[in-house]
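One file, my_file33.tsv, is given below (TSV, C-alpha atoms).
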```
chain	number	residue	atom	x	y	z
I	1	MET	CA	0.83	-29.70	-0.22
I	2	SER	CA	0.39	-26.04	0.79
I	3	GLU	CA	-2.74	-24.13	-0.20
I	4	GLN	CA	-2.40	-21.84	-3.23
I	5	SER	CA	-1.70	-18.19	-2.44
I	6	ARG	CA	-4.43	-15.67	-3.30
I	7	PHE	CA	-4.41	-11.99	-4.16
I	8	MET	CA	-7.52	-9.86	-3.66
I	9	LEU	CA	-8.11	-7.07	-6.16
I	10	VAL	CA	-10.66	-4.46	-5.09
I	11	VAL	CA	-12.01	-2.57	-8.11
I	12	SER	CA	-14.12	0.52	-8.67
I	13	PRO	CA	-17.93	0.26	-8.55
I	14	LEU	CA	-18.03	2.36	-11.75
I	15	MET	CA	-17.07	-0.46	-14.14
I	16	LYS	CA	-13.83	1.16	-15.27
I	17	ASN	CA	-10.51	-0.49	-15.92
I	18	SER	CA	-7.29	0.57	-14.20
I	19	PRO	CA	-3.58	-0.33	-14.11
I	20	ALA	CA	-4.34	-2.36	-10.97
I	21	PHE	CA	-5.82	-5.13	-13.18
I	22	GLU	CA	-2.54	-5.48	-15.09
I	23	ARG	CA	-0.38	-5.39	-11.95
I	24	ALA	CA	-2.57	-7.88	-10.05
I	25	ALA	CA	-2.60	-10.33	-12.97
I	26	ALA	CA	1.18	-10.08	-13.43
I	27	LEU	CA	1.90	-10.69	-9.73
I	28	ALA	CA	-0.55	-13.59	-9.57
I	29	LYS	CA	0.93	-15.16	-12.71
I	30	ALA	CA	4.52	-14.75	-11.49
I	31	SER	CA	3.77	-16.27	-8.08
I	32	ASP	CA	1.37	-18.96	-9.36
I	33	ALA	CA	-1.32	-17.46	-7.13
I	34	ALA	CA	-5.08	-17.20	-7.56
I	35	LEU	CA	-6.72	-13.81	-8.07
I	36	HIS	CA	-10.07	-12.83	-6.54
I	37	ILE	CA	-11.57	-9.68	-8.08
I	38	VAL	CA	-14.30	-8.03	-6.03
I	39	ALA	CA	-16.36	-4.88	-6.53
I	40	PHE	CA	-18.24	-3.28	-3.66
I	41	ASP	CA	-21.19	-1.53	-5.30
I	42	TYR	CA	-23.50	1.14	-3.96
I	43	LEU	CA	-25.23	3.79	-6.08
I	44	GLU	CA	-26.84	6.44	-3.91
I	45	GLY	CA	-29.41	7.42	-6.51
I	46	LEU	CA	-30.49	3.85	-7.08
I	47	ALA	CA	-30.52	2.96	-3.40
I	48	THR	CA	-32.78	5.91	-2.49
I	49	ALA	CA	-35.06	6.11	-5.53
I	50	GLY	CA	-38.16	7.28	-3.68
I	51	LEU	CA	-40.46	7.14	-6.70
I	52	VAL	CA	-39.86	3.43	-7.31
I	53	ASN	CA	-41.64	0.77	-5.31
I	54	GLU	CA	-39.55	-1.64	-3.24
I	55	GLN	CA	-39.94	-4.60	-5.57
I	56	ALA	CA	-38.95	-2.61	-8.64
I	57	LEU	CA	-36.03	-1.10	-6.72
I	58	GLU	CA	-34.78	-4.59	-5.85
I	59	GLN	CA	-34.99	-5.63	-9.49
I	60	MET	CA	-32.98	-2.56	-10.53
I	61	ARG	CA	-30.35	-3.29	-7.90
I	62	LEU	CA	-30.05	-6.95	-8.94
I	63	GLY	CA	-29.86	-5.92	-12.59
I	64	TYR	CA	-27.00	-3.52	-11.88
I	65	ILE	CA	-25.12	-6.15	-9.88
I	66	GLU	CA	-25.55	-8.67	-12.69
I	67	ARG	CA	-24.24	-6.19	-15.30
I	68	HIS	CA	-21.26	-5.41	-13.12
I	69	HIS	CA	-20.52	-9.07	-12.53
I	70	GLN	CA	-20.65	-9.71	-16.27
I	71	TRP	CA	-18.26	-6.78	-16.80
I	72	LEU	CA	-15.84	-8.31	-14.26
I	73	GLU	CA	-16.06	-11.63	-16.06
I	74	ASP	CA	-15.17	-9.87	-19.31
I	75	GLN	CA	-12.05	-8.45	-17.63
I	76	ALA	CA	-11.19	-11.83	-16.12
I	77	ARG	CA	-11.39	-13.78	-19.38
I	78	PRO	CA	-8.04	-12.67	-20.88
I	79	LEU	CA	-6.37	-13.19	-17.49
I	80	ARG	CA	-7.58	-16.77	-17.40
I	81	LYS	CA	-6.11	-17.29	-20.88
I	82	LEU	CA	-2.75	-16.35	-19.34
I	83	GLY	CA	-3.14	-19.21	-16.91
I	84	VAL	CA	-4.27	-17.20	-13.86
I	85	HIS	CA	-7.05	-18.72	-11.76
I	86	VAL	CA	-9.52	-15.82	-11.44
I	87	THR	CA	-12.76	-15.56	-9.47
I	88	THR	CA	-15.08	-12.55	-9.44
I	89	GLU	CA	-17.63	-11.17	-6.99
I	90	VAL	CA	-19.91	-8.15	-6.66
I	91	VAL	CA	-21.21	-7.07	-3.24
I	92	TRP	CA	-23.84	-4.37	-2.67
I	93	VAL	CA	-22.79	-2.39	0.40
I	94	GLU	CA	-22.81	1.30	1.28
I	95	ARG	CA	-19.62	1.30	3.40
I	96	PRO	CA	-17.13	-1.20	1.97
I	97	LEU	CA	-14.39	-1.00	4.62
I	98	GLN	CA	-15.92	-3.52	7.02
I	99	GLU	CA	-16.87	-5.85	4.18
I	100	ILE	CA	-13.29	-5.79	2.90
I	101	LEU	CA	-11.96	-6.61	6.36
I	102	ILE	CA	-14.51	-9.43	6.71
I	103	HIS	CA	-13.41	-10.84	3.34
I	104	LEU	CA	-9.79	-10.79	4.44
I	105	HIS	CA	-10.69	-12.56	7.67
I	106	GLU	CA	-12.81	-15.24	6.01
I	107	GLN	CA	-10.58	-15.72	2.95
I	108	PRO	CA	-6.90	-15.26	3.90
I	109	MET	CA	-5.07	-13.35	1.18
I	110	THR	CA	-1.41	-12.86	0.32
I	111	ALA	CA	-2.07	-9.17	-0.33
I	112	LEU	CA	-4.84	-6.68	-1.09
I	113	ILE	CA	-4.37	-4.80	-4.38
I	114	LYS	CA	-6.29	-1.64	-5.20
I	115	ALA	CA	-6.02	1.28	-7.59
I	116	LEU	CA	-5.21	4.44	-5.67
I	117	GLU	CA	-8.18	6.83	-5.74
I	118	HIS	CA	-6.72	10.33	-5.92
I	119	GLU	CA	-8.57	12.65	-3.55
I	120	SER	CA	-8.17	16.41	-3.23
I	121	LEU	CA	-6.58	17.81	-0.09
I	122	LEU	CA	-9.87	19.51	0.82
I	123	SER	CA	-11.73	16.23	0.45
I	124	ARG	CA	-9.19	14.41	2.63
I	125	LEU	CA	-9.49	17.11	5.30
I	126	MET	CA	-13.28	16.81	5.38
I	127	PHE	CA	-13.49	13.01	5.55
I	128	THR	CA	-11.15	10.04	5.61
I	129	PRO	CA	-11.03	8.25	2.22
I	130	LEU	CA	-11.34	4.48	1.98
I	131	ASP	CA	-7.69	4.20	0.92
I	132	VAL	CA	-6.51	5.84	4.14
I	133	HIS	CA	-8.82	3.65	6.24
I	134	LEU	CA	-7.34	0.60	4.54
I	135	LEU	CA	-3.85	1.95	5.08
I	136	ARG	CA	-4.52	2.07	8.81
I	137	GLU	CA	-6.51	-1.15	9.25
I	138	CYS	CA	-5.69	-3.69	6.53
I	139	PRO	CA	-4.18	-6.78	8.21
I	140	VAL	CA	-2.31	-8.02	5.10
I	141	PRO	CA	0.22	-6.34	2.79
I	142	LEU	CA	-1.54	-3.60	0.85
I	143	HIS	CA	-0.57	-2.61	-2.69
I	144	PHE	CA	-1.83	0.75	-3.94
I	145	VAL	CA	-1.37	0.91	-7.71
I	146	SER	CA	-1.14	4.32	-9.35
I	147	HIS	CA	1.43	4.70	-12.12
I	148	VAL	CA	2.39	1.50	-13.96
I	149	GLN	CA	5.18	1.46	-16.53
I	150	HIS	CA	5.75	-2.28	-16.23
I	151	ALA	CA	3.25	-4.96	-15.27
I	152	LEU	CA	5.95	-6.59	-13.14
I	153	PRO	CA	8.10	-4.00	-11.34
I	154	ARG	CA	11.68	-3.71	-12.56
I	155	ARG	CA	12.99	-1.38	-9.86
I	156	ILE	CA	11.86	-1.64	-6.24
I	157	VAL	CA	12.84	0.53	-3.28
I	158	ALA	CA	12.45	-0.48	0.36
I	159	ALA	CA	12.13	2.46	2.76
I	160	VAL	CA	13.37	1.77	6.30
I	161	ASP	CA	13.89	3.71	9.51
I	162	PRO	CA	16.31	1.76	11.76
I	163	PHE	CA	16.82	4.68	14.16
I	164	HIS	CA	13.19	5.46	15.02
I	165	ARG	CA	12.37	6.06	18.68
I	166	ASP	CA	8.92	4.45	18.48
I	167	GLY	CA	9.08	0.92	19.88
I	168	GLN	CA	6.47	-0.24	17.36
I	169	TYR	CA	9.18	-0.14	14.69
I	170	GLN	CA	11.09	-2.96	16.37
I	171	GLY	CA	11.26	-5.79	13.86
I	172	LEU	CA	9.27	-3.86	11.24
I	173	ASN	CA	12.37	-2.87	9.27
I	174	ASP	CA	13.40	-6.50	8.89
I	175	ARG	CA	9.88	-7.37	7.75
I	176	ILE	CA	9.96	-4.55	5.17
I	177	LEU	CA	13.22	-5.89	3.75
I	178	TYR	CA	11.90	-9.46	3.85
I	179	GLU	CA	8.80	-8.49	1.86
I	180	ALA	CA	10.77	-6.26	-0.54
I	181	ASP	CA	13.35	-8.98	-1.24
I	182	LYS	CA	10.58	-11.52	-1.81
I	183	LEU	CA	8.90	-9.18	-4.32
I	184	ALA	CA	12.18	-8.34	-6.05
I	185	THR	CA	13.00	-12.04	-6.42
I	186	LEU	CA	9.50	-12.79	-7.72
I	187	CYS	CA	9.66	-9.97	-10.27
I	188	ASN	CA	13.38	-10.32	-11.08
I	189	ALA	CA	13.68	-6.65	-10.11
I	190	GLN	CA	16.52	-4.55	-8.75
I	191	LEU	CA	16.12	-3.78	-5.04
I	192	ASP	CA	17.52	-0.66	-3.39
I	193	VAL	CA	17.13	0.32	0.26
I	194	ILE	CA	16.75	3.91	1.42
I	195	TYR	CA	17.01	5.41	4.88
I	196	ALA	CA	15.77	9.00	4.62
I	197	HIS	CA	16.72	10.73	7.86
I	198	ASP	CA	15.89	14.22	9.07
I	199	LEU	CA	18.22	15.41	11.85
I	200	THR	CA	16.22	18.59	12.39
I	201	SER	CA	13.17	16.70	13.63
I	202	LEU	CA	15.27	14.86	16.21
I	203	SER	CA	17.37	17.73	17.56
I	204	ALA	CA	15.09	19.17	20.23
I	205	ALA	CA	13.72	15.88	21.52
I	206	GLU	CA	17.03	14.04	21.59
I	207	PHE	CA	19.49	16.76	22.57
I	208	GLY	CA	17.52	19.62	24.09
I	209	PHE	CA	18.54	22.35	21.62
I	210	ASP	CA	16.12	25.20	21.04
I	211	HIS	CA	17.45	26.01	17.57
I	212	ALA	CA	18.50	23.75	14.73
I	213	SER	CA	21.61	25.90	14.07
I	214	ALA	CA	22.90	25.16	17.57
I	215	PHE	CA	22.32	21.49	17.03
I	216	PHE	CA	24.12	21.30	13.70
I	217	SER	CA	27.09	23.33	14.95
I	218	SER	CA	27.70	20.83	17.77
I	219	SER	CA	29.47	17.50	17.83
I	220	ALA	CA	26.14	15.95	18.78
I	221	ALA	CA	24.96	16.16	15.16
I	222	LYS	CA	27.96	14.21	13.91
I	223	ALA	CA	27.56	11.62	16.67
I	224	LEU	CA	23.90	11.16	15.78
I	225	PHE	CA	24.67	10.89	12.06
I	226	ASP	CA	27.33	8.26	12.70
I	227	ALA	CA	24.99	6.29	14.97
I	228	GLN	CA	22.24	6.41	12.35
I	229	GLY	CA	24.64	5.24	9.66
I	230	GLU	CA	25.84	2.33	11.77
I	231	ALA	CA	22.25	1.24	12.54
I	232	PHE	CA	21.38	1.40	8.85
I	233	ARG	CA	24.43	-0.59	7.74
I	234	GLU	CA	23.79	-3.23	10.39
I	235	LEU	CA	20.16	-3.61	9.25
I	236	ALA	CA	21.10	-3.81	5.57
I	237	GLU	CA	23.95	-6.29	6.09
I	238	ARG	CA	21.74	-8.46	8.31
I	239	ASN	CA	19.36	-8.74	5.37
I	240	ASP	CA	22.09	-9.32	2.74
I	241	ILE	CA	21.66	-5.97	0.99
I	242	PRO	CA	24.84	-5.15	-1.01
I	243	ALA	CA	26.60	-1.89	-0.12
I	244	GLU	CA	25.95	-0.42	-3.57
I	245	ASN	CA	22.20	-0.80	-3.00
I	246	GLN	CA	22.20	0.99	0.37
I	247	HIS	CA	21.31	4.70	0.30
I	248	MET	CA	21.26	6.97	3.36
I	249	ILE	CA	19.90	10.37	2.35
I	250	LEU	CA	19.46	13.47	4.52
I	251	GLY	CA	16.06	15.17	4.28
I	252	ASP	CA	12.36	14.93	4.94
I	253	PRO	CA	11.42	11.27	4.29
I	254	ALA	CA	8.36	12.01	2.16
I	255	LYS	CA	10.25	14.43	-0.09
I	256	VAL	CA	13.35	12.24	-0.32
I	257	LEU	CA	11.42	9.12	-1.31
I	258	ALA	CA	9.21	10.90	-3.85
I	259	SER	CA	12.22	12.62	-5.45
I	260	TYR	CA	14.23	9.40	-5.59
I	261	ALA	CA	11.35	7.45	-7.12
I	262	ASP	CA	10.92	10.11	-9.79
I	263	ALA	CA	14.62	10.44	-10.59
I	264	TYR	CA	15.32	6.71	-10.91
I	265	ASP	CA	12.08	5.48	-12.50
I	266	ILE	CA	11.12	3.37	-9.50
I	267	ASP	CA	8.15	1.08	-10.11
I	268	MET	CA	7.29	0.26	-6.49
I	269	ILE	CA	8.23	1.46	-3.04
I	270	VAL	CA	7.85	-0.89	-0.06
I	271	MET	CA	7.09	0.85	3.22
I	272	GLY	CA	5.92	-0.05	6.71
I	273	ARG	CA	3.14	1.41	8.79
I	274	ILE	CA	2.44	1.58	12.50
I	275	ALA	CA	-0.80	2.20	14.38
I	276	HIS	CA	-1.50	5.81	15.31
I	277	ARG	CA	-3.69	6.90	18.18
I	278	GLY	CA	-4.96	10.26	19.35
I	279	VAL	CA	-3.29	13.25	17.71
I	280	GLY	CA	-0.79	10.99	16.00
I	281	ARG	CA	-3.61	9.21	14.20
I	282	LEU	CA	-5.05	12.55	13.09
I	283	ILE	CA	-1.70	13.76	11.78
I	284	GLY	CA	-0.98	10.50	9.99
I	285	SER	CA	2.25	8.78	9.09
I	286	THR	CA	4.95	9.15	6.44
I	287	VAL	CA	3.22	6.62	4.22
I	288	GLU	CA	-0.08	8.56	4.42
I	289	HIS	CA	1.72	11.76	3.45
I	290	LEU	CA	3.35	9.93	0.54
I	291	LEU	CA	0.28	8.15	-0.70
I	292	TYR	CA	-0.90	10.93	-3.04
I	293	LYS	CA	2.56	12.25	-3.92
I	294	MET	CA	4.49	9.20	-5.08
I	295	PRO	CA	5.21	8.89	-8.82
I	296	CYS	CA	5.01	5.11	-8.45
I	297	SER	CA	2.96	2.43	-6.73
I	298	VAL	CA	3.28	1.66	-3.01
I	299	TRP	CA	3.41	-1.68	-1.18
I	300	VAL	CA	2.57	-1.25	2.53
I	301	VAL	CA	3.69	-3.75	5.17
I	302	ALA	CA	2.04	-4.05	8.58
I	303	PRO	CA	4.24	-4.68	11.65
I	304	GLU	CA	3.90	-8.39	12.20
I	305	LYS	CA	6.24	-11.30	12.72
I	306	ILE	CA	7.82	-13.18	9.84
I	307	GLU	CA	6.59	-16.76	9.90
```
Turn this file's structure into structure tokens for me.
Amino acid sequence: MSEQSRFMLVVSPLMKNSPAFERAAALAKASDAALHIVAFDYLEGLATAGLVNEQALEQMRLGYIERHHQWLEDQARPLRKLGVHVTTEVVWVERPLQEILIHLHEQPMTALIKALEHESLLSRLMFTPLDVHLLRECPVPLHFVSHVQHALPRRIVAAVDPFHRDGQYQGLNDRILYEADKLATLCNAQLDVIYAHDLTSLSAAEFGFDHASAFFSSSAAKALFDAQGEAFRELAERNDIPAENQHMILGDPAKVLASYADAYDIDMIVMGRIAHRGVGRLIGSTVEHLLYKMPCSVWVVAPEKIE
């Protein structure tokens, strides 16, 4: 008998509820999976209270952890009544990223679920938020929950790029569709697949044109469009996606996906990520650009083999 699947829900250290609780419970219930809720606490003022002796400081810290654990138990109680096996944990740590990765290594999870923490552009420019660090380093599927209309998603979109020049994308598109189809089946949701392509970004590198107008006035643009369309159809058909659920849309991927999600009341978008190094890591990826713009939640798939 196979071991029960587990979802890990990372919650705020501020003892506040979020739509991520509802989404995590619904997914765990639907998939008959266990749910582990963990809070990584650290209060700067409490940790550095210079006027309090060390013993009293430790008692204050333990008291806060106990209150938070009791709060998590209060949130878990109604979930258990729904039949979900829920465990809770509070960890005192200043920088939670490494602790999260350690948890995922020691306790294999089906996915990591977390409420998206909206950060200002200035804040993101000054330092890298935890969500972006997780986006780059989380070894399991990562579900950022922001807007939730339905506990279980009713409409899911898979975003693919079958014509990307980066070799790291090889096999990732199939994995995206595999994960998206699995989620759609679990949630009894409609699944659409989008390939948002931007010919302008490819013109100079692929065909050596200095100006976009020269590129689009040539037969090369039509040849590229046809080749992209064929690659997309082949990918979709290989994964049994009906023609009416295939959408190839011209435009900047981030803008296309955000607009589509808003127009069609999409509950979740499934995307892939690749590792970025050097300048590419600094600039980020499409999914990083989308993270704070999407009007729906995002499920991020790492490039790994389907077992």
For Ala159 (chain I): contacts at 12 Å, all atoms listed in the file, fewer than 4 positions along chain excluded, given as a VMD selection string
chain I and resid 172 to 180 191 to 197 232 235 to 236 246 to 249 253 to 254 256 to 258 260 to 261 268 to 273 286 to 287 290 298 to 301
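Among the candidates I:Arg61, I:His85, I:Arg67, I:Arg80, the one nearest to Arg6 (chain I) when counting only C-alpha atoms is I:His85.
Taking CA of His105 (chain I) and CA of Ala158 (chain I) as the two end points, the separation is 27.1 Å.
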Please tell me which residues are no farther than 8 Å from (-1.1, 0.2, -12.4) in the file, counting only C-alpha atoms, and write them as an MDAnalysis selection string.
chainID I and resid 18:23 115 145:149 151 297
Can you tell me, as an mmCIF file with C-alpha atoms, in the coordinates of the input, what residues are no more than 8 Å from Ile266 (chain I) when counting all atoms listed in the file, ignoring any on the same chain fewer than 5 positions away?
```
data_model
loop_
_atom_site.group_PDB
_atom_site.id
_atom_site.type_symbol
_atom_site.label_atom_id
_atom_site.label_comp_id
_atom_site.auth_asym_id
_atom_site.auth_seq_id
_atom_site.Cartn_x
_atom_site.Cartn_y
_atom_site.Cartn_z
ATOM 1 C CA ARG I 154 11.680 -3.710 -12.560
ATOM 2 C CA ARG I 155 12.990 -1.380 -9.860
ATOM 3 C CA ILE I 156 11.860 -1.640 -6.240
ATOM 4 C CA VAL I 157 12.840 0.530 -3.280
ATOM 5 C CA TYR I 260 14.230 9.400 -5.590
ATOM 6 C CA ALA I 261 11.350 7.450 -7.120
ATOM 7 C CA CYS I 296 5.010 5.110 -8.450
#
```
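Taking CA of Ala221 (chain I) and CA of Asn239 (chain I) as the two end points, the separation is 27.3 Å.
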In terms of all atoms listed in the file, the residue from I:Val91, I:Ala111, I:Val160, I:Ala231 at minimal distance from Leu35 (chain I) is I:Ala111
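One finds CA of Thr110 (chain I) at 18.4 Å from CA of Gly83 (chain I).
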Given the point (6.3, -10.2, -9.2) in the coordinates of this file, which residues lie within 10 Å, counting only C-alpha atoms, and how would they look as JSON, numbers by chain?
{"I": [23, 24, 25, 26, 27, 28, 29, 30, 31, 151, 152, 153, 154, 182, 183, 184, 185, 186, 187, 188, 189]}
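Closest to Ala33 (chain I) among I:Val93, I:Ala223, I:Met15, I:Ser5 is I:Ser5, based on all atoms listed in the file.
Minimum atom-to-atom distances from I:Gly229, I:Gly63, I:Pro13, I:Gly251 to Asp41 (chain I) were compared using only C-alpha atoms, and the lowest value belongs to I:Pro13.
Among the candidates I:Glu106, I:Asp198, I:Glu99, I:Asp161, the one nearest to Leu134 (chain I) when counting only C-alpha atoms is I:Glu99.
Of the listed residues I:Ala227, I:Ile274, I:Ala34, I:Val90, the one whose atoms come nearest to Gln107 (chain I) is I:Ala34, with distances taken using all atoms listed in the file.
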